[in-house]
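S.K.: File follows, protein-v6.cif with mmCIF, C-alpha atoms:
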data_my_file
loop_
_atom_site.group_PDB
_atom_site.id
_atom_site.type_symbol
_atom_site.label_atom_id
_atom_site.label_comp_id
_atom_site.auth_asym_id
_atom_site.auth_seq_id
_atom_site.Cartn_x
_atom_site.Cartn_y
_atom_site.Cartn_z
ATOM 1 C CA MET D 1 34.197 25.686 114.066
ATOM 2 C CA SER D 2 36.805 26.364 116.723
ATOM 3 C CA ASP D 3 38.822 23.587 118.268
ATOM 4 C CA PHE D 4 36.734 22.973 121.367
ATOM 5 C CA HIS D 5 35.788 19.657 122.882
ATOM 6 C CA ASP D 6 33.748 18.147 125.665
ATOM 7 C CA ALA D 7 36.319 18.468 128.394
ATOM 8 C CA SER D 8 34.382 16.249 130.796
ATOM 9 C CA GLY D 9 37.662 15.000 132.234
ATOM 10 C CA GLU D 10 38.691 18.583 132.914
ATOM 11 C CA ARG D 11 35.491 19.682 134.600
ATOM 12 C CA ARG D 12 36.294 17.951 137.888
ATOM 13 C CA ARG D 13 40.044 18.407 138.149
ATOM 14 C CA TYR D 14 42.489 21.273 138.121
ATOM 15 C CA PRO D 15 44.930 21.685 135.239
ATOM 16 C CA ALA D 16 48.337 20.417 136.292
ATOM 17 C CA ASP D 17 50.090 23.664 135.414
ATOM 18 C CA ALA D 18 47.513 26.027 136.936
ATOM 19 C CA THR D 19 47.725 27.581 140.390
ATOM 20 C CA ILE D 20 45.203 28.720 142.977
ATOM 21 C CA THR D 21 46.510 31.370 145.336
ATOM 22 C CA ARG D 22 45.336 34.242 147.534
ATOM 23 C CA TRP D 23 45.650 37.866 146.506
ATOM 24 C CA LEU D 24 45.073 40.650 149.002
ATOM 25 C CA ALA D 25 42.807 43.510 147.993
ATOM 26 C CA PRO D 26 43.881 47.020 149.061
ATOM 27 C CA ASP D 27 41.935 46.677 152.322
ATOM 28 C CA GLY D 28 43.540 43.317 153.051
ATOM 29 C CA TRP D 29 40.592 41.126 151.977
ATOM 30 C CA PRO D 30 41.889 37.800 150.556
ATOM 31 C CA LEU D 31 40.576 36.954 147.099
ATOM 32 C CA ARG D 32 40.974 33.418 145.756
ATOM 33 C CA VAL D 33 42.756 33.512 142.385
ATOM 34 C CA PHE D 34 43.102 30.942 139.604
ATOM 35 C CA ASP D 35 45.914 31.411 137.087
ATOM 36 C CA TRP D 36 46.769 29.206 134.109
ATOM 37 C CA PRO D 37 49.793 30.536 132.209
ATOM 38 C CA ALA D 38 50.018 29.889 128.489
ATOM 39 C CA GLY D 39 52.242 26.965 127.599
ATOM 40 C CA GLY D 40 52.271 23.503 126.148
ATOM 41 C CA GLY D 41 54.167 24.445 123.022
ATOM 42 C CA VAL D 42 51.409 26.763 121.774
ATOM 43 C CA ALA D 43 52.350 30.253 120.626
ATOM 44 C CA PRO D 44 51.262 32.781 123.286
ATOM 45 C CA ARG D 45 48.103 34.625 122.264
ATOM 46 C CA GLY D 46 47.466 37.004 125.174
ATOM 47 C CA SER D 47 45.708 37.014 128.545
ATOM 48 C CA ILE D 48 42.085 36.623 129.630
ATOM 49 C CA LEU D 49 40.637 37.685 132.973
ATOM 50 C CA PHE D 50 37.340 35.831 133.382
ATOM 51 C CA GLN D 51 34.877 36.787 136.119
ATOM 52 C CA GLY D 52 31.836 34.699 137.035
ATOM 53 C CA GLY D 53 28.400 35.638 138.256
ATOM 54 C CA ARG D 54 26.690 35.916 141.626
ATOM 55 C CA GLY D 55 27.379 32.820 143.676
ATOM 56 C CA ASP D 56 29.809 31.424 141.102
ATOM 57 C CA PHE D 57 33.240 30.016 141.832
ATOM 58 C CA ILE D 58 36.290 29.372 139.678
ATOM 59 C CA GLU D 59 35.780 25.631 139.249
ATOM 60 C CA LYS D 60 32.480 26.042 137.376
ATOM 61 C CA TYR D 61 34.359 27.390 134.362
ATOM 62 C CA LEU D 62 37.399 25.110 134.157
ATOM 63 C CA GLU D 63 35.873 23.488 131.075
ATOM 64 C CA SER D 64 35.578 26.845 129.327
ATOM 65 C CA PHE D 65 39.105 27.827 130.291
ATOM 66 C CA ALA D 66 40.565 24.713 128.615
ATOM 67 C CA PRO D 67 39.948 25.584 124.925
ATOM 68 C CA TRP D 68 41.114 29.171 125.446
ATOM 69 C CA HIS D 69 44.284 27.924 127.070
ATOM 70 C CA ALA D 70 44.804 25.436 124.239
ATOM 71 C CA ARG D 71 44.770 28.358 121.799
ATOM 72 C CA GLY D 72 47.562 30.094 123.668
ATOM 73 C CA TRP D 73 45.698 32.309 126.127
ATOM 74 C CA ARG D 74 46.769 32.784 129.708
ATOM 75 C CA VAL D 75 43.556 32.450 131.746
ATOM 76 C CA THR D 76 43.057 34.104 135.125
ATOM 77 C CA ALA D 77 39.991 34.430 137.353
ATOM 78 C CA PHE D 78 39.184 35.315 140.937
ATOM 79 C CA ASP D 79 36.182 34.609 143.134
ATOM 80 C CA TRP D 80 34.346 37.808 143.998
ATOM 81 C CA ARG D 81 34.542 39.113 147.545
ATOM 82 C CA GLY D 82 31.828 37.530 149.683
ATOM 83 C CA GLN D 83 31.316 34.383 147.619
ATOM 84 C CA GLY D 84 33.002 31.221 146.412
ATOM 85 C CA GLY D 85 36.432 30.727 147.922
ATOM 86 C CA SER D 86 36.927 34.410 148.750
ATOM 87 C CA GLY D 87 35.063 34.180 152.048
ATOM 88 C CA ARG D 88 31.863 35.761 153.328
ATOM 89 C CA THR D 89 31.261 39.348 154.322
ATOM 90 C CA THR D 90 28.652 38.288 156.876
ATOM 91 C CA PRO D 91 28.742 35.638 159.649
ATOM 92 C CA ALA D 92 26.112 33.625 157.743
ATOM 93 C CA PRO D 93 28.117 30.953 155.876
ATOM 94 C CA HIS D 94 25.742 30.672 152.925
ATOM 95 C CA VAL D 95 24.595 34.219 152.206
ATOM 96 C CA GLY D 96 26.091 36.300 149.420
ATOM 97 C CA HIS D 97 26.403 39.803 150.819
ATOM 98 C CA ILE D 98 28.111 42.994 149.719
ATOM 99 C CA ALA D 99 27.744 46.399 151.324
ATOM 100 C CA ASP D 100 28.206 48.247 148.042
ATOM 101 C CA PHE D 101 28.837 47.096 144.467
ATOM 102 C CA ALA D 102 31.578 49.740 144.433
ATOM 103 C CA ASP D 103 33.549 47.272 146.588
ATOM 104 C CA PHE D 104 33.480 44.806 143.687
ATOM 105 C CA ILE D 105 34.695 47.512 141.326
ATOM 106 C CA GLY D 106 37.456 48.463 143.738
ATOM 107 C CA ASP D 107 38.666 44.857 143.860
ATOM 108 C CA LEU D 108 38.536 44.544 140.076
ATOM 109 C CA ARG D 109 40.346 47.846 139.583
ATOM 110 C CA ALA D 110 43.171 46.896 141.939
ATOM 111 C CA PHE D 111 43.509 43.345 140.661
ATOM 112 C CA TRP D 112 43.502 44.485 137.028
ATOM 113 C CA ALA D 113 46.249 47.022 137.737
ATOM 114 C CA ALA D 114 48.475 44.363 139.317
ATOM 115 C CA TRP D 115 47.638 41.622 136.795
ATOM 116 C CA SER D 116 47.932 43.745 133.669
ATOM 117 C CA ALA D 117 51.384 44.954 134.690
ATOM 118 C CA THR D 118 52.851 41.522 133.899
ATOM 119 C CA ALA D 119 50.220 39.672 131.831
ATOM 120 C CA PRO D 120 51.141 39.360 128.131
ATOM 121 C CA GLY D 121 48.793 41.252 125.818
ATOM 122 C CA PRO D 122 46.377 41.626 124.294
ATOM 123 C CA LEU D 123 44.398 41.794 127.533
ATOM 124 C CA ILE D 124 40.808 40.535 127.493
ATOM 125 C CA ALA D 125 38.133 41.017 130.160
ATOM 126 C CA MET D 126 35.286 38.515 130.208
ATOM 127 C CA GLY D 127 32.317 38.418 132.552
ATOM 128 C CA HIS D 128 29.304 36.192 133.023
ATOM 129 C CA SER D 129 26.064 37.541 134.548
ATOM 130 C CA MET D 130 27.003 39.730 137.534
ATOM 131 C CA GLY D 131 30.580 39.515 136.317
ATOM 132 C CA GLY D 132 29.439 40.891 132.965
ATOM 133 C CA HIS D 133 27.731 43.809 134.659
ATOM 134 C CA LEU D 134 30.792 44.578 136.760
ATOM 135 C CA VAL D 135 33.191 44.302 133.802
ATOM 136 C CA LEU D 136 31.076 46.737 131.769
ATOM 137 C CA ARG D 137 30.688 49.089 134.726
ATOM 138 C CA ALA D 138 34.449 48.994 135.338
ATOM 139 C CA LEU D 139 35.020 49.697 131.658
ATOM 140 C CA ALA D 140 32.640 52.666 131.718
ATOM 141 C CA GLU D 141 34.334 53.979 134.878
ATOM 142 C CA ARG D 142 37.766 53.432 133.305
ATOM 143 C CA ALA D 143 38.784 51.128 136.121
ATOM 144 C CA ILE D 144 40.143 48.615 133.563
ATOM 145 C CA ASP D 145 41.600 49.039 130.073
ATOM 146 C CA PRO D 146 41.292 45.788 128.087
ATOM 147 C CA GLN D 147 41.766 45.516 124.334
ATOM 148 C CA ALA D 148 38.457 43.627 124.033
ATOM 149 C CA VAL D 149 35.551 42.562 126.249
ATOM 150 C CA VAL D 150 33.212 39.557 126.216
ATOM 151 C CA LEU D 151 29.964 39.722 128.190
ATOM 152 C CA VAL D 152 28.073 36.438 128.632
ATOM 153 C CA ALA D 153 24.406 36.748 129.672
ATOM 154 C CA PRO D 154 25.357 40.013 131.419
ATOM 155 C CA MET D 155 23.310 41.150 134.398
ATOM 156 C CA LEU D 156 22.301 44.521 132.971
ATOM 157 C CA GLY D 157 18.700 44.187 134.102
ATOM 158 C CA LEU D 158 17.370 42.026 136.933
ATOM 159 C CA ARG D 159 14.176 40.042 136.595
ATOM 160 C CA ALA D 160 11.534 41.262 139.064
ATOM 161 C CA PRO D 161 7.930 40.139 139.721
ATOM 162 C CA ILE D 162 6.491 43.555 138.817
ATOM 163 C CA SER D 163 9.280 45.822 137.598
ATOM 164 C CA ALA D 164 12.893 46.665 138.379
ATOM 165 C CA ARG D 165 11.796 49.979 139.910
ATOM 166 C CA VAL D 166 9.397 48.234 142.288
ATOM 167 C CA GLY D 167 11.970 45.540 143.004
ATOM 168 C CA GLU D 168 14.553 48.132 143.994
ATOM 169 C CA ALA D 169 12.057 49.926 146.241
ATOM 170 C CA VAL D 170 11.061 46.699 147.999
ATOM 171 C CA ALA D 171 14.674 45.640 148.471
ATOM 172 C CA GLY D 172 15.555 49.056 149.877
ATOM 173 C CA LEU D 173 12.654 48.839 152.313
ATOM 174 C CA MET D 174 13.714 45.363 153.453
ATOM 175 C CA THR D 175 17.242 46.591 154.211
ATOM 176 C CA ARG D 176 15.684 49.056 156.666
ATOM 177 C CA LEU D 177 13.249 46.636 158.337
ATOM 178 C CA GLY D 178 15.813 44.207 159.680
ATOM 179 C CA ASP D 179 19.360 43.009 159.287
ATOM 180 C CA PRO D 180 20.285 44.169 155.773
ATOM 181 C CA ALA D 181 22.798 41.312 155.496
ATOM 182 C CA ARG D 182 20.155 38.599 156.042
ATOM 183 C CA ALA D 183 19.184 36.282 153.188
ATOM 184 C CA ALA D 184 16.606 37.800 150.856
ATOM 185 C CA TRP D 185 15.000 34.389 150.297
ATOM 186 C CA LYS D 186 15.564 30.784 151.294
ATOM 187 C CA GLY D 187 16.793 29.116 148.141
ATOM 188 C CA ASN D 188 16.861 28.939 144.345
ATOM 189 C CA GLU D 189 18.284 31.754 142.243
ATOM 190 C CA ARG D 190 15.184 33.953 142.432
ATOM 191 C CA PRO D 191 12.005 34.008 144.553
ATOM 192 C CA HIS D 192 8.426 33.554 143.388
ATOM 193 C CA THR D 193 9.157 31.054 140.619
ATOM 194 C CA LEU D 194 7.993 27.506 140.003
ATOM 195 C CA LYS D 195 11.055 26.781 137.868
ATOM 196 C CA SER D 196 13.793 24.640 139.346
ATOM 197 C CA ARG D 197 17.214 26.133 139.915
ATOM 198 C CA GLN D 198 18.690 23.912 137.213
ATOM 199 C CA SER D 199 16.132 24.953 134.597
ATOM 200 C CA LEU D 200 17.056 28.584 135.221
ATOM 201 C CA LEU D 201 20.747 27.855 134.712
ATOM 202 C CA THR D 202 21.276 25.116 132.117
ATOM 203 C CA HIS D 203 19.636 22.317 130.137
ATOM 204 C CA ASP D 204 22.706 20.143 130.634
ATOM 205 C CA ASP D 205 22.240 17.739 133.558
ATOM 206 C CA ALA D 206 25.905 16.713 133.773
ATOM 207 C CA ARG D 207 27.241 20.248 133.831
ATOM 208 C CA TYR D 208 24.717 21.250 136.470
ATOM 209 C CA CYS D 209 25.865 18.302 138.591
ATOM 210 C CA ASP D 210 29.474 19.449 138.257
ATOM 211 C CA GLU D 211 28.653 22.494 140.385
ATOM 212 C CA LEU D 212 27.121 20.310 143.092
ATOM 213 C CA TRP D 213 30.100 17.938 142.951
ATOM 214 C CA TRP D 214 32.594 20.727 143.585
ATOM 215 C CA GLN D 215 30.506 22.046 146.479
ATOM 216 C CA ALA D 216 30.454 18.552 147.977
ATOM 217 C CA GLN D 217 34.259 18.506 147.854
ATOM 218 C CA ASP D 218 34.517 21.936 149.471
ATOM 219 C CA ALA D 219 31.456 23.293 151.280
ATOM 220 C CA SER D 220 33.007 26.774 151.420
ATOM 221 C CA LEU D 221 32.275 27.159 147.703
ATOM 222 C CA LEU D 222 28.510 27.196 148.320
ATOM 223 C CA THR D 223 27.219 30.739 148.525
ATOM 224 C CA GLY D 224 23.434 30.416 148.599
ATOM 225 C CA PRO D 225 20.921 33.276 148.281
ATOM 226 C CA PRO D 226 21.887 36.948 148.228
ATOM 227 C CA SER D 227 21.341 39.377 151.068
ATOM 228 C CA TRP D 228 18.749 42.130 150.851
ATOM 229 C CA THR D 229 21.585 44.614 150.501
ATOM 230 C CA TRP D 230 22.994 42.681 147.530
ATOM 231 C CA VAL D 231 19.544 42.773 145.886
ATOM 232 C CA ALA D 232 19.147 46.503 146.503
ATOM 233 C CA GLN D 233 22.661 47.161 145.255
ATOM 234 C CA GLY D 234 22.087 44.978 142.190
ATOM 235 C CA PHE D 235 19.032 46.980 141.161
ATOM 236 C CA ALA D 236 20.744 50.302 141.882
ATOM 237 C CA SER D 237 24.004 49.475 140.121
ATOM 238 C CA THR D 238 22.307 48.211 136.958
ATOM 239 C CA ARG D 239 19.970 51.216 136.870
ATOM 240 C CA ARG D 240 22.846 53.675 137.187
ATOM 241 C CA LEU D 241 25.005 51.935 134.615
ATOM 242 C CA ASN D 242 22.175 51.714 132.105
ATOM 243 C CA ALA D 243 21.521 55.434 132.457
ATOM 244 C CA SER D 244 25.180 56.413 132.364
ATOM 245 C CA PRO D 245 26.272 58.653 129.481
ATOM 246 C CA ALA D 246 29.716 57.038 129.832
ATOM 247 C CA LEU D 247 28.471 54.025 127.849
ATOM 248 C CA ALA D 248 28.574 56.131 124.689
ATOM 249 C CA ASP D 249 32.275 56.757 125.287
ATOM 250 C CA VAL D 250 33.229 53.068 125.546
ATOM 251 C CA ARG D 251 35.364 52.470 122.441
ATOM 252 C CA THR D 252 36.554 49.012 123.418
ATOM 253 C CA PRO D 253 35.195 46.251 121.140
ATOM 254 C CA VAL D 254 32.502 44.308 123.001
ATOM 255 C CA LEU D 255 30.984 40.906 122.232
ATOM 256 C CA MET D 256 27.707 40.312 124.063
ATOM 257 C CA LEU D 257 26.129 36.857 124.210
ATOM 258 C CA VAL D 258 22.445 37.131 125.144
ATOM 259 C CA ALA D 259 20.066 34.305 126.110
ATOM 260 C CA GLU D 260 16.650 35.596 125.060
ATOM 261 C CA ALA D 261 14.857 33.006 127.250
ATOM 262 C CA ASP D 262 16.939 33.940 130.312
ATOM 263 C CA GLY D 263 14.897 33.612 133.484
ATOM 264 C CA LEU D 264 17.357 35.426 135.765
ATOM 265 C CA VAL D 265 18.441 38.572 133.948
ATOM 266 C CA ASP D 266 16.423 40.664 131.514
ATOM 267 C CA PRO D 267 17.749 40.187 127.960
ATOM 268 C CA ARG D 268 15.747 43.170 126.696
ATOM 269 C CA VAL D 269 17.820 45.493 128.852
ATOM 270 C CA ALA D 270 21.055 43.879 127.675
ATOM 271 C CA LEU D 271 20.065 44.409 124.046
ATOM 272 C CA ALA D 272 19.181 48.037 124.744
ATOM 273 C CA VAL D 273 22.540 48.621 126.420
ATOM 274 C CA ALA D 274 24.372 46.935 123.531
ATOM 275 C CA ALA D 275 22.675 49.328 121.115
ATOM 276 C CA ARG D 276 24.217 52.258 123.007
ATOM 277 C CA LEU D 277 27.772 50.927 122.866
ATOM 278 C CA PRO D 278 29.787 52.319 119.955
ATOM 279 C CA ASP D 279 31.435 48.985 119.060
ATOM 280 C CA ALA D 280 29.334 46.010 120.131
ATOM 281 C CA ARG D 281 28.478 42.730 118.441
ATOM 282 C CA VAL D 282 25.471 40.843 119.808
ATOM 283 C CA VAL D 283 24.927 37.098 119.462
ATOM 284 C CA ARG D 284 21.485 35.877 120.467
ATOM 285 C CA PHE D 285 20.448 32.470 121.736
ATOM 286 C CA GLY D 286 16.821 31.352 121.837
ATOM 287 C CA SER D 287 14.962 28.785 123.919
ATOM 288 C CA GLU D 288 17.870 26.376 123.518
ATOM 289 C CA SER D 289 19.819 28.287 126.163
ATOM 290 C CA ALA D 290 19.167 29.146 129.783
ATOM 291 C CA HIS D 291 21.278 31.606 131.753
ATOM 292 C CA GLU D 292 24.639 29.814 131.851
ATOM 293 C CA ILE D 293 25.477 29.863 128.147
ATOM 294 C CA LEU D 294 29.006 28.526 128.660
ATOM 295 C CA ARG D 295 27.664 25.621 130.738
ATOM 296 C CA GLU D 296 24.859 24.691 128.374
ATOM 297 C CA VAL D 297 24.473 21.643 126.120
ATOM 298 C CA ASP D 298 27.281 21.104 123.627
ATOM 299 C CA SER D 299 25.503 22.720 120.674
ATOM 300 C CA VAL D 300 24.940 25.973 122.585
ATOM 301 C CA ARG D 301 28.300 26.005 124.295
ATOM 302 C CA GLY D 302 30.064 25.167 121.046
ATOM 303 C CA ARG D 303 28.438 28.041 119.221
ATOM 304 C CA ALA D 304 29.338 30.421 122.053
ATOM 305 C CA LEU D 305 32.995 29.357 122.051
ATOM 306 C CA THR D 306 33.149 29.676 118.272
ATOM 307 C CA GLU D 307 31.755 33.209 118.424
ATOM 308 C CA ILE D 308 34.196 34.178 121.177
ATOM 309 C CA ASP D 309 37.175 32.765 119.279
ATOM 310 C CA ALA D 310 36.204 34.535 116.059
ATOM 311 C CA PHE D 311 35.672 37.822 117.890
ATOM 312 C CA LEU D 312 39.015 37.647 119.667
ATOM 313 C CA ASP D 313 40.838 36.681 116.467
ATOM 314 C CA ALA D 314 39.311 39.644 114.649
ATOM 315 C CA ARG D 315 39.178 42.347 117.314
ATOM 316 C CA ALA D 316 41.651 41.567 120.096
ATOM 317 C CA GLN D 317 44.898 43.191 119.075
ATOM 318 C CA ASP D 318 47.583 44.287 121.479
ATOM 319 C CA THR D 319 48.418 47.966 121.764
ATOM 320 C CA PRO D 320 51.677 49.538 122.906
#
Could you render the structure as structure tokens?
M.R.:
Amino acid sequence: MSDFHDASGERRRYPADATITRWLAPDGWPLRVFDWPAGGGVAPRGSILFQGGRGDFIEKYLESFAPWHARGWRVTAFDWRGQGGSGRTTPAPHVGHIADFADFIGDLRAFWAAWSATAPGPLIAMGHSMGGHLVLRALAERAIDPQAVVLVAPMLGLRAPISARVGEAVAGLMTRLGDPARAAWKGNERPHTLKSRQSLLTHDDARYCDELWWQAQDASLLTGPPSWTWVAQGFASTRRLNASPALADVRTPVLMLVAEADGLVDPRVALAVAARLPDARVVRFGSESAHEILREVDSVRGRALTEIDAFLDARAQDTP
């Protein structure tokens, strides 16, 4: 098993040699960036760009960054436009809104170009949930060129009460019946469910509380529910990516971690997409894991880290 540990002391503090800065997107939008250069006497291994999901923020994954850094990886991440510490795209302080998912791809494309120009290789792109969807979409659109990709519970299909097609139609209608940037629902991670937010995300009480602790320290990190436009864009972007013939041309090695009991994204769609990728390894988790695989109980998280380490050791090689 890989050398990972319960970094409980690292979950609520920043690494001493890491930095948090602002990077301006091409249109001038400030994105909040975390960067942890390799060091500490460990031989440099390469660089990882890790992107979280909808409503996520950098601090939620400090614990996951620590074992990668200890193995010699430089670890970088940025909060997506409109959430976390990268500000809101609507006056509502706690609504996650985006006019078009293409804006996310534009930010990722530009940041990758700047970051990859100086980051030591091999270069790895990782994404959780919405971040996984956007990393794969960027890969299919050739907006990024990593040597390997890791997708964790990727948002390749959204859960919907009836079907994704109906969900997209309803969301599109709601964007036309009022302010499209208004919150699609009041709370939780999805409407029309009796499950608590925590049960949808993780079985680990302490790790769930870490998120709340960070938000208590800095209220700007709380995003809240998505806008109706975000929902409509989420359905549309996943539908288009899943139907894209470009997936068959993705030659980059991909590791996909899928939680089969996921209550937020549809694991069946993720598995179907993985089957279309020329070079994909799938690792499945059962009822022991909710959506946030890397923030689950130690046994789940440990297995995930071990799989990621083994994949990167075997498949992540730098290219000239």
S.K.: Starting from the displayed file, determine the output of the PyMOL selection byres ((chain D and resi 165-178) around 7) and express the residue list as a ChimeraX atom specification.
M.R.: /D:160,162-164,179-180,228-229,231-232,235-236
S.K.: Would you kindly return, as a ChimeraX atom specification, each protein, DNA or RNA residue with an atom no farther than 6 Å from any atom of region 131-135 of chain D, considering only C-alpha atoms and excluding same-chain residues fewer than 4 positions away?
M.R.: /D:51-53,127,151,154-156
S.K.: Can you spell out as an mmCIF file with C-alpha atoms, keeping the file's coordinate frame the set of residues that the PyMOL selection byres ((chain D and resi 141) around 12) selects in the structure I just provided?
M.R.:
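This went into out_35.cif:
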data_model
loop_
_atom_site.group_PDB
_atom_site.id
_atom_site.type_symbol
_atom_site.label_atom_id
_atom_site.label_comp_id
_atom_site.auth_asym_id
_atom_site.auth_seq_id
_atom_site.Cartn_x
_atom_site.Cartn_y
_atom_site.Cartn_z
ATOM 1 C CA ALA D 102 31.578 49.740 144.433
ATOM 2 C CA ILE D 105 34.695 47.512 141.326
ATOM 3 C CA GLY D 106 37.456 48.463 143.738
ATOM 4 C CA LEU D 108 38.536 44.544 140.076
ATOM 5 C CA ARG D 109 40.346 47.846 139.583
ATOM 6 C CA LEU D 134 30.792 44.578 136.760
ATOM 7 C CA VAL D 135 33.191 44.302 133.802
ATOM 8 C CA LEU D 136 31.076 46.737 131.769
ATOM 9 C CA ARG D 137 30.688 49.089 134.726
ATOM 10 C CA ALA D 138 34.449 48.994 135.338
ATOM 11 C CA LEU D 139 35.020 49.697 131.658
ATOM 12 C CA ALA D 140 32.640 52.666 131.718
ATOM 13 C CA ARG D 142 37.766 53.432 133.305
ATOM 14 C CA ALA D 143 38.784 51.128 136.121
ATOM 15 C CA ILE D 144 40.143 48.615 133.563
ATOM 16 C CA ASP D 145 41.600 49.039 130.073
ATOM 17 C CA ARG D 240 22.846 53.675 137.187
ATOM 18 C CA LEU D 241 25.005 51.935 134.615
ATOM 19 C CA SER D 244 25.180 56.413 132.364
ATOM 20 C CA PRO D 245 26.272 58.653 129.481
ATOM 21 C CA ALA D 246 29.716 57.038 129.832
ATOM 22 C CA LEU D 247 28.471 54.025 127.849
ATOM 23 C CA ALA D 248 28.574 56.131 124.689
ATOM 24 C CA ASP D 249 32.275 56.757 125.287
ATOM 25 C CA VAL D 250 33.229 53.068 125.546
#
S.K.: Applying the PyMOL selection byres ((chain D and resi 219) around 12) to the file I just gave you, which residues come out? Please list them as a PDB file with C-alpha atoms, keeping the file's coordinate frame.
M.R.:
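Wrote part.pdb, looks like this:
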ATOM      1  CA  PHE D  57      33.240  30.016 141.832  1.00  0.00           C
ATOM      2  CA  GLN D  83      31.316  34.383 147.619  1.00  0.00           C
ATOM      3  CA  GLY D  84      33.002  31.221 146.412  1.00  0.00           C
ATOM      4  CA  GLY D  85      36.432  30.727 147.922  1.00  0.00           C
ATOM      5  CA  GLY D  87      35.063  34.180 152.048  1.00  0.00           C
ATOM      6  CA  PRO D  93      28.117  30.953 155.876  1.00  0.00           C
ATOM      7  CA  HIS D  94      25.742  30.672 152.925  1.00  0.00           C
ATOM      8  CA  GLU D 211      28.653  22.494 140.385  1.00  0.00           C
ATOM      9  CA  LEU D 212      27.121  20.310 143.092  1.00  0.00           C
ATOM     10  CA  TRP D 213      30.100  17.938 142.951  1.00  0.00           C
ATOM     11  CA  TRP D 214      32.594  20.727 143.585  1.00  0.00           C
ATOM     12  CA  GLN D 215      30.506  22.046 146.479  1.00  0.00           C
ATOM     13  CA  ALA D 216      30.454  18.552 147.977  1.00  0.00           C
ATOM     14  CA  GLN D 217      34.259  18.506 147.854  1.00  0.00           C
ATOM     15  CA  ASP D 218      34.517  21.936 149.471  1.00  0.00           C
ATOM     16  CA  SER D 220      33.007  26.774 151.420  1.00  0.00           C
ATOM     17  CA  LEU D 221      32.275  27.159 147.703  1.00  0.00           C
ATOM     18  CA  LEU D 222      28.510  27.196 148.320  1.00  0.00           C
ATOM     19  CA  THR D 223      27.219  30.739 148.525  1.00  0.00           C
ATOM     20  CA  GLY D 224      23.434  30.416 148.599  1.00  0.00           C
TER      21      GLY D 224
END
S.K.: When you look at Ala272 (chain D) with a cut-off of 12 Å (counting only C-alpha atoms), what residues show up, excluding the ones that are within fewer than 3 positions of it in the same chain? I need them as an NGL selection string.
M.R.: :D and (156-157 or 242-243 or 247 or 256 or 258 or 266-269 or 275-277 or 280 or 282)
S.K.: Output C-alpha atoms for every residue in that selection, as a CSV table (one decimal), in the frame of the given file.
M.R.:
chain,number,residue,atom,x,y,z
D,156,LEU,CA,22.3,44.5,133.0
D,157,GLY,CA,18.7,44.2,134.1
D,242,ASN,CA,22.2,51.7,132.1
D,243,ALA,CA,21.5,55.4,132.5
D,247,LEU,CA,28.5,54.0,127.8
D,256,MET,CA,27.7,40.3,124.1
D,258,VAL,CA,22.4,37.1,125.1
D,266,ASP,CA,16.4,40.7,131.5
D,267,PRO,CA,17.7,40.2,128.0
D,268,ARG,CA,15.7,43.2,126.7
D,269,VAL,CA,17.8,45.5,128.9
D,275,ALA,CA,22.7,49.3,121.1
D,276,ARG,CA,24.2,52.3,123.0
D,277,LEU,CA,27.8,50.9,122.9
D,280,ALA,CA,29.3,46.0,120.1
D,282,VAL,CA,25.5,40.8,119.8
S.K.: For Ala119 (chain D), which residue out of D:Thr202, D:Ser86, D:Ser289, D:Ser47 is the nearest one, using only C-alpha atoms?
M.R.: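 Among D:Thr202, D:Ser86, D:Ser289, D:Ser47, it is D:Ser47 that comes nearest to Ala119 (chain D).
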S.K.: Just the number, please: distance in Å from CA of Gly41 (chain D) to CA of Arg71 (chain D), one decimal.
M.R.: 10.3 Å
S.K.: Gln233 (chain D): which residues within 8 Å, counting only C-alpha atoms, same-chain residues fewer than 4 positions away excluded, as a PyMOL selection string?
M.R.: chain D and resi 99-101+229+237
S.K.: Counting all atoms listed in the file, I want the residues whose atoms come within 9 Å of (43.5, 35.1, 130.7) in the file frame, returned as an MDAnalysis selection string.
M.R.: chainID D and resid 35:38 46:50 65 68:69 73:77 119 123:126
S.K.: Would you compute the box with edges along x, y and z of the file around region 268-274 of chain D, including every atom the file lists for it and 6 Å extra on each side, and give its centre and edge lengths in Å to one decimal, as JSON?
M.R.:
{"center_x": 20.1, "center_y": 45.9, "center_z": 126.2, "size_x": 20.6, "size_y": 17.5, "size_z": 17.3}
S.K.: What separation in Å, quoted to one decimal, exists between CA of Trp230 (chain D) and CA of Leu31 (chain D)?
M.R.: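 These atoms are spaced 18.5 Å apart.
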S.K.: Rounded to one decimal place, report the CA of Leu257 (chain D)-CA of His203 (chain D) distance in Å.
M.R.: 17.0 Å
S.K.: With distances taken over all atoms listed in the file, which of D:Trp115, D:Trp23, D:Trp185, D:Tyr61 is nearest to Arg295 (chain D)?
M.R.: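 Of all the options, D:Tyr61 lies closest to Arg295 (chain D).
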S.K.: Between D:Ile293, D:Val254, D:Leu200, D:Ile58, which has the minimum distance to Leu305 (chain D) (counting only C-alpha atoms)?
M.R.: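 The shortest atom-to-atom distance to Leu305 (chain D) comes from D:Ile293.
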